[in-house]
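Student: This one is protein-v2.txt, compact mmCIF, C-alpha atoms.
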# COMPACT_ATOMS: atom_id res chain seq x y z
CA MET A 193 38.95 -31.13 19.97
CA ASN A 194 40.25 -30.40 16.46
CA GLU A 195 40.44 -26.79 15.38
CA VAL A 196 38.28 -25.87 12.40
CA SER A 197 39.89 -23.73 9.71
CA PHE A 198 38.36 -20.51 8.43
CA LEU A 199 37.68 -22.04 5.01
CA GLU A 200 35.88 -24.98 6.57
CA VAL A 201 33.68 -22.69 8.64
CA VAL A 202 32.62 -20.42 5.76
CA GLY A 203 32.85 -23.06 3.03
CA PHE A 204 30.17 -25.18 1.41
CA GLY A 205 31.04 -28.47 3.03
CA PRO A 206 28.74 -30.48 5.34
CA ASN A 207 29.65 -28.30 8.34
CA GLY A 208 30.22 -25.07 6.43
CA TRP A 209 28.05 -21.96 6.64
CA GLY A 210 28.80 -20.72 3.14
CA MET A 211 25.30 -21.23 1.75
CA THR A 212 23.73 -19.60 4.80
CA LEU A 213 25.95 -16.54 4.42
CA LEU A 214 25.20 -16.33 0.69
CA HIS A 215 21.48 -16.48 1.46
CA GLY A 216 21.96 -13.63 3.92
CA ALA A 217 23.84 -11.65 1.26
CA ALA A 218 20.96 -12.23 -1.17
CA VAL A 219 18.46 -10.91 1.39
CA THR A 220 20.74 -7.92 2.00
CA LEU A 221 20.78 -7.11 -1.70
CA ALA A 222 17.02 -7.62 -2.04
CA VAL A 223 16.03 -5.34 0.82
CA ALA A 224 18.59 -2.69 -0.20
CA ILE A 225 17.39 -2.68 -3.82
CA CYS A 226 13.71 -2.53 -2.85
CA GLY A 227 14.35 0.25 -0.35
CA MET A 228 16.52 2.19 -2.80
CA LEU A 229 13.95 1.99 -5.61
CA LEU A 230 11.15 3.16 -3.34
CA GLY A 231 13.45 5.82 -1.88
CA MET A 232 14.25 7.20 -5.32
CA VAL A 233 10.53 7.59 -6.01
CA VAL A 234 10.25 9.55 -2.76
CA GLY A 235 13.42 11.49 -3.57
CA THR A 236 12.16 12.44 -7.03
CA PHE A 237 8.95 13.91 -5.65
CA GLY A 238 10.88 15.56 -2.82
CA ALA A 239 13.33 17.19 -5.21
CA TRP A 240 10.47 18.35 -7.44
CA ALA A 241 8.76 19.89 -4.42
CA LYS A 242 11.92 21.73 -3.40
CA VAL A 243 12.86 23.13 -6.81
CA SER A 244 9.27 24.07 -7.67
CA ASN A 245 9.00 26.38 -4.62
CA ARG A 246 5.31 25.60 -4.38
CA ARG A 247 3.96 25.80 -0.88
CA PRO A 248 3.09 23.74 1.10
CA PHE A 249 4.94 21.04 -0.93
CA SER A 250 8.34 22.68 -0.57
CA ASP A 251 7.79 23.15 3.17
CA ILE A 252 6.83 19.50 3.61
CA ALA A 253 9.86 18.34 1.62
CA GLY A 254 12.14 20.62 3.62
CA ALA A 255 10.77 19.35 6.93
CA TYR A 256 11.07 15.74 5.76
CA THR A 257 14.72 15.98 4.75
CA THR A 258 15.65 17.99 7.85
CA VAL A 259 14.01 15.57 10.29
CA ILE A 260 15.12 12.31 8.65
CA ARG A 261 18.72 13.37 8.09
CA GLY A 262 18.86 14.44 11.74
CA LEU A 263 17.81 11.02 13.10
CA PRO A 264 20.00 7.90 13.47
CA ASP A 265 19.19 5.16 10.97
CA LEU A 266 18.79 2.61 13.77
CA LEU A 267 16.17 4.78 15.47
CA ILE A 268 14.18 5.03 12.22
CA ILE A 269 14.27 1.23 11.91
CA TYR A 270 13.00 0.84 15.48
CA VAL A 271 10.21 3.37 14.98
CA ILE A 272 8.98 1.71 11.78
CA TYR A 273 9.28 -1.87 13.04
CA PHE A 274 7.78 -1.41 16.50
CA GLY A 275 5.35 1.27 15.31
CA GLY A 276 4.11 -1.07 12.59
CA SER A 277 3.84 -3.91 15.11
CA ALA A 278 1.82 -1.69 17.46
CA VAL A 279 -0.59 -0.79 14.64
CA LEU A 280 -1.02 -4.44 13.63
CA THR A 281 -1.56 -5.44 17.26
CA TRP A 282 -4.19 -2.74 17.65
CA PHE A 283 -6.06 -3.96 14.55
CA GLN A 284 -5.90 -7.65 15.48
CA PRO A 285 -9.10 -7.72 17.60
CA LEU A 286 -11.04 -6.50 14.57
CA PHE A 287 -10.19 -9.79 12.85
CA GLY A 288 -10.81 -12.01 15.87
CA SER A 289 -7.19 -12.35 16.95
CA SER A 290 -5.28 -11.24 20.01
CA GLY A 291 -1.73 -10.89 21.25
CA PHE A 292 1.34 -9.26 19.76
CA ALA A 293 1.51 -9.00 15.97
CA SER A 294 5.00 -8.64 14.54
CA PHE A 295 5.45 -6.31 11.57
CA PRO A 296 7.15 -8.11 8.64
CA ALA A 297 10.88 -7.52 9.03
CA PHE A 298 11.56 -7.33 5.29
CA LEU A 299 8.82 -4.77 4.78
CA ALA A 300 10.02 -2.74 7.77
CA GLY A 301 13.55 -2.77 6.36
CA THR A 302 12.39 -1.73 2.91
CA ILE A 303 10.41 1.19 4.33
CA ALA A 304 13.24 2.27 6.64
CA ILE A 305 15.80 2.28 3.82
CA ALA A 306 13.31 4.07 1.55
CA VAL A 307 12.74 6.78 4.15
CA THR A 308 16.44 7.45 4.71
CA SER A 309 17.56 7.10 1.09
CA GLY A 310 14.58 9.20 -0.01
CA ALA A 311 15.74 12.09 2.17
CA GLN A 312 19.30 11.84 0.86
CA GLY A 313 18.10 11.36 -2.71
CA THR A 314 15.96 14.48 -2.45
CA GLU A 315 19.00 16.63 -1.78
CA VAL A 316 21.15 14.85 -4.37
CA LEU A 317 18.57 15.29 -7.13
CA ARG A 318 17.88 18.88 -6.10
CA GLY A 319 21.60 19.61 -6.33
CA GLY A 320 21.78 17.85 -9.70
CA PHE A 321 18.94 19.99 -11.05
CA ASN A 322 20.52 23.21 -9.77
CA ALA A 323 23.79 22.24 -11.49
CA VAL A 324 22.12 22.13 -14.90
CA TYR A 325 23.10 25.15 -17.00
CA LYS A 326 19.94 27.22 -17.20
CA GLY A 327 20.83 28.41 -20.69
CA GLU A 328 20.12 24.91 -22.04
CA ILE A 329 16.63 24.94 -20.57
CA GLU A 330 16.03 28.48 -21.87
CA ALA A 331 17.16 27.39 -25.34
CA ALA A 332 14.67 24.52 -25.29
CA VAL A 333 11.90 26.92 -24.25
CA ALA A 334 12.89 29.34 -27.02
CA CYS A 335 12.66 26.50 -29.57
CA GLY A 336 9.08 25.87 -28.46
CA MET A 337 9.81 22.46 -26.96
CA PRO A 338 6.81 21.22 -24.89
CA ARG A 339 7.25 20.88 -21.12
CA TYR A 340 7.18 17.05 -21.07
CA LEU A 341 9.61 16.73 -23.98
CA ARG A 342 11.87 19.37 -22.42
CA PHE A 343 11.94 17.37 -19.19
CA ARG A 344 12.62 14.05 -20.97
CA ARG A 345 15.29 15.30 -23.39
CA ILE A 346 17.00 18.09 -21.44
CA VAL A 347 16.21 18.35 -17.72
CA ALA A 348 16.14 14.68 -16.67
CA PRO A 349 19.32 13.49 -18.50
CA LEU A 350 21.41 16.46 -17.37
CA THR A 351 20.12 16.28 -13.80
CA LEU A 352 20.90 12.58 -13.68
CA ARG A 353 24.38 13.21 -15.05
CA HIS A 354 25.20 15.55 -12.16
CA ALA A 355 23.37 13.42 -9.57
CA LEU A 356 24.78 9.99 -10.44
CA PRO A 357 27.87 10.17 -8.16
CA GLY A 358 25.71 11.28 -5.25
CA LEU A 359 23.11 8.60 -5.96
CA GLY A 360 25.91 6.05 -5.97
CA ASN A 361 26.83 7.13 -2.45
CA VAL A 362 23.18 6.88 -1.41
CA TRP A 363 23.09 3.30 -2.73
CA LEU A 364 26.24 2.35 -0.82
CA SER A 365 24.75 3.86 2.34
CA ALA A 366 21.54 1.86 1.81
CA LEU A 367 23.56 -1.33 1.30
CA LYS A 368 25.46 -0.83 4.55
CA GLU A 369 22.37 0.39 6.42
CA SER A 370 20.76 -3.00 5.75
CA SER A 371 23.15 -4.50 8.33
CA LEU A 372 21.20 -2.65 11.04
CA LEU A 373 18.07 -4.62 10.13
CA SER A 374 19.48 -7.56 12.09
CA VAL A 375 17.79 -5.99 15.14
CA THR A 376 14.40 -6.86 13.61
CA GLY A 377 15.33 -10.52 13.12
CA LEU A 378 15.59 -10.24 9.34
CA ALA A 379 17.84 -13.04 8.07
CA GLU A 380 20.20 -10.74 6.19
CA LEU A 381 23.98 -11.08 6.11
CA MET A 382 24.77 -9.55 9.50
CA ARG A 383 22.05 -11.56 11.23
CA GLN A 384 23.30 -14.81 9.71
CA ALA A 385 26.83 -13.95 10.80
CA GLN A 386 25.57 -13.34 14.34
CA VAL A 387 23.75 -16.68 14.37
CA GLY A 388 26.79 -18.51 13.05
CA ALA A 389 29.08 -16.81 15.56
CA GLY A 390 26.81 -17.77 18.43
CA SER A 391 26.36 -21.36 17.26
CA THR A 392 30.05 -22.11 16.66
CA ARG A 393 31.67 -19.67 19.11
CA LEU A 394 33.84 -18.43 16.27
CA PRO A 395 32.79 -14.76 16.04
CA PHE A 396 35.96 -13.54 14.35
CA ASP A 397 35.58 -16.01 11.46
CA PHE A 398 31.98 -15.10 10.76
CA TYR A 399 32.38 -11.34 11.09
CA LEU A 400 35.48 -11.48 8.89
CA ALA A 401 33.49 -13.43 6.29
CA ALA A 402 30.66 -10.89 6.51
CA ALA A 403 33.16 -8.05 6.10
CA LEU A 404 34.59 -9.68 2.97
CA ILE A 405 31.12 -10.15 1.46
CA TYR A 406 30.17 -6.53 2.19
CA PHE A 407 33.46 -5.42 0.64
CA ILE A 408 32.73 -7.45 -2.50
CA LEU A 409 29.20 -6.06 -2.75
CA CYS A 410 30.34 -2.47 -2.28
CA THR A 411 33.29 -2.81 -4.66
CA GLY A 412 31.10 -4.39 -7.32
CA SER A 413 28.54 -1.64 -6.84
CA THR A 414 31.20 1.06 -7.17
CA LEU A 415 32.51 -0.41 -10.43
CA ALA A 416 28.97 -0.73 -11.80
CA ILE A 417 28.16 2.87 -10.86
CA GLN A 418 31.33 4.14 -12.54
CA ARG A 419 30.44 2.23 -15.70
CA VAL A 420 26.93 3.70 -15.70
CA GLU A 421 28.38 7.20 -15.26
CA ARG A 422 30.72 6.76 -18.23
CA ARG A 423 28.00 5.30 -20.43
CA HIS A 424 25.55 8.04 -19.51
CA SER A 425 28.12 10.73 -20.27
CA LEU A 426 28.88 9.13 -23.66
CA ASN A 427 25.16 8.99 -24.49
CA LEU A 428 24.82 12.68 -23.73
CA LEU A 429 27.85 13.50 -25.88
CA GLY A 430 26.33 11.44 -28.68
CA ARG A 431 23.16 13.50 -28.53
CA ALA A 432 25.05 16.79 -28.60
I need this file expressed as structure tokens, please.
Tutor:
Amino acid sequence: MNEVSFLEVVGFGPNGWGMTLLHGAAVTLAVAICGMLLGMVVGTFGAWAKVSNRRPFSDIAGAYTTVIRGLPDLLIIYVIYFGGSAVLTWFQPLFGSSGFASFPAFLAGTIAIAVTSGAQGTEVLRGGFNAVYKGEIEAAVACGMPRYLRFRRIVAPLTLRHALPGLGNVWLSALKESSLLSVTGLAELMRQAQVGAGSTRLPFDFYLAAALIYFILCTGSTLAIQRVERRHSLNLLGRA
């Protein structure tokens, strides 16, 4: 039996798995982006609740971040996936069906990433707001600037400037957390690598290929985040 080279295994030839791995990488990016966007919506409201000190909103936000950050990401994925499946199974008889109903893996992954990144984003945005020099906000109030305009021109840009590095870390965590979604059967990068490893009995080749793809995704994300940080800082200096 002829040995197959690494490039042949992960390439785009007739027996290569390159296209399958790229499809998995695309699913990884899609679920991470969807989860991150939804998580930032949750994080924005959570940060607002914490800095506003309005009960019971601040208490709910505090409980949310404490509980979620204290649970393993894999456990959150299991709870959402199997919990959602249990709910769908319970509702099936109402529509004339029976048996086990599987919760959509992509939706479960999006929600799980949103829940975890939302908790982290809440603390990052809260810290970014607290880092804003209060004299700038007081100056805007003294000039008679309306609340909405003050938020759009002063509070939001300065908060984002301080929060961007932390939000970048949240994104990288969401990108790597997507690998845990293989337990739900979602055809993301790690799942495709597992399938390829089992089919060809070449686990090292596939997991090495997956590691290289994750490294490329994370490195590209880091460079993009750094560019956004520099551009945002220049925009703020231009306004000053």
Student: Taking only residues of region 235-306 of chain A that have an atom at most 12 Å from an atom of region 350-353 of chain A, what is each one's shortest atom pair and its distance in Å to one decimal, using only C-alpha atoms, in chain and number order, as JSON lines?
Tutor:
{"residue": "A:Thr236", "atom": "CA", "partner": "A:Leu352", "partner_atom": "CA", "distance": 11.0}
{"residue": "A:Ala239", "atom": "CA", "partner": "A:Thr351", "partner_atom": "CA", "distance": 11.0}
{"residue": "A:Trp240", "atom": "CA", "partner": "A:Thr351", "partner_atom": "CA", "distance": 11.7}
Student: Once you add 6 Å to each side, what are the centre and edge lengths of the axis-aligned box holding all listed atoms of region 255-258 of chain A? One decimal in Å, as JSON, if you can.
Tutor:
{"center_x": 13.2, "center_y": 17.5, "center_z": 6.3, "size_x": 16.9, "size_y": 15.6, "size_z": 15.1}
Student: Would you mind telling me which residue in A:Val196, A:Ala311, A:Ile272, A:Ala278 lies nearest to Ile252 (chain A) when using all atoms listed in the file?
Tutor: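 Result for the nearest residue to Ile252 (chain A): A:Ala311.
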Student: Can you check which parts of region 340-425 of chain A lie within 8 Å of region 208-217 of chain A? Per residue, the shortest pair of atoms and distance in Å to one decimal, counting all atoms listed in the file, sorted by chain and number, as a tab-separated table.
Tutor:
residue	atom	partner	partner_atom	distance
A:Ala379	CA	A:Gly216	CA	5.9
A:Glu380	CA	A:Gly216	CA	4.1
A:Leu381	CA	A:Gly216	CA	3.9
A:Met382	CA	A:Gly216	CA	7.5
A:Arg383	CA	A:Gly216	CA	7.6
A:Gln384	CA	A:Gly216	CA	6.1
A:Ala385	CA	A:Leu213	CA	6.9
A:Gly388	CA	A:Trp209	CA	7.4
A:Ala402	CA	A:Leu213	CA	7.6
A:Ile405	CA	A:Ala217	CA	7.4
Student: Determine, counting only C-alpha atoms, which protein, DNA and RNA residues have an atom within 8 Å of an atom of region 263-270 of chain A; residues of the same chain fewer than 3 positions away are not included. Present the result as a list in words.
Tutor: Val259, Ile260, Tyr273, Phe274, Gly275, Ala300, Gly301, Ala304, Thr308, Glu369, Leu372 and Leu373 of chain A
Student: For the point (3.4, -2.9, 19.6) in file coordinates, what residues are within 10 Å, counting all atoms listed in the file? Give the answer as a VMD selection string?
Tutor: chain A and resid 273 to 282 291 to 295
Student: Env of Val362 (chain A): 8 Å cut, atoms = all atoms listed in the file, seq-sep filter 6 positions within chain, self excluded. Answer as a list in words.
Tutor: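 Result of the neighbour search: Ser309, Gln312 and Gly313 of chain A.
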Student: Which one of A:Leu367, A:Ala241, A:Ala297, A:Cys335 sits closest to Ala253 (chain A) if you count all atoms listed in the file?
Tutor: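 With all atoms listed in the file as the atom set, the closest residue is A:Ala241.
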Student: Between A:Thr258, A:Thr376, A:Thr414, A:Thr392, single out the one closest to Val271 (chain A), counting all atoms listed in the file.
Tutor: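 Looking only at the distances to Val271 (chain A), the closest residue turns out to be A:Thr376.
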Student: Quick one: distance from CA of Ala331 (chain A) to CA of His354 (chain A) in Å, one decimal?
Tutor: 19.5 Å
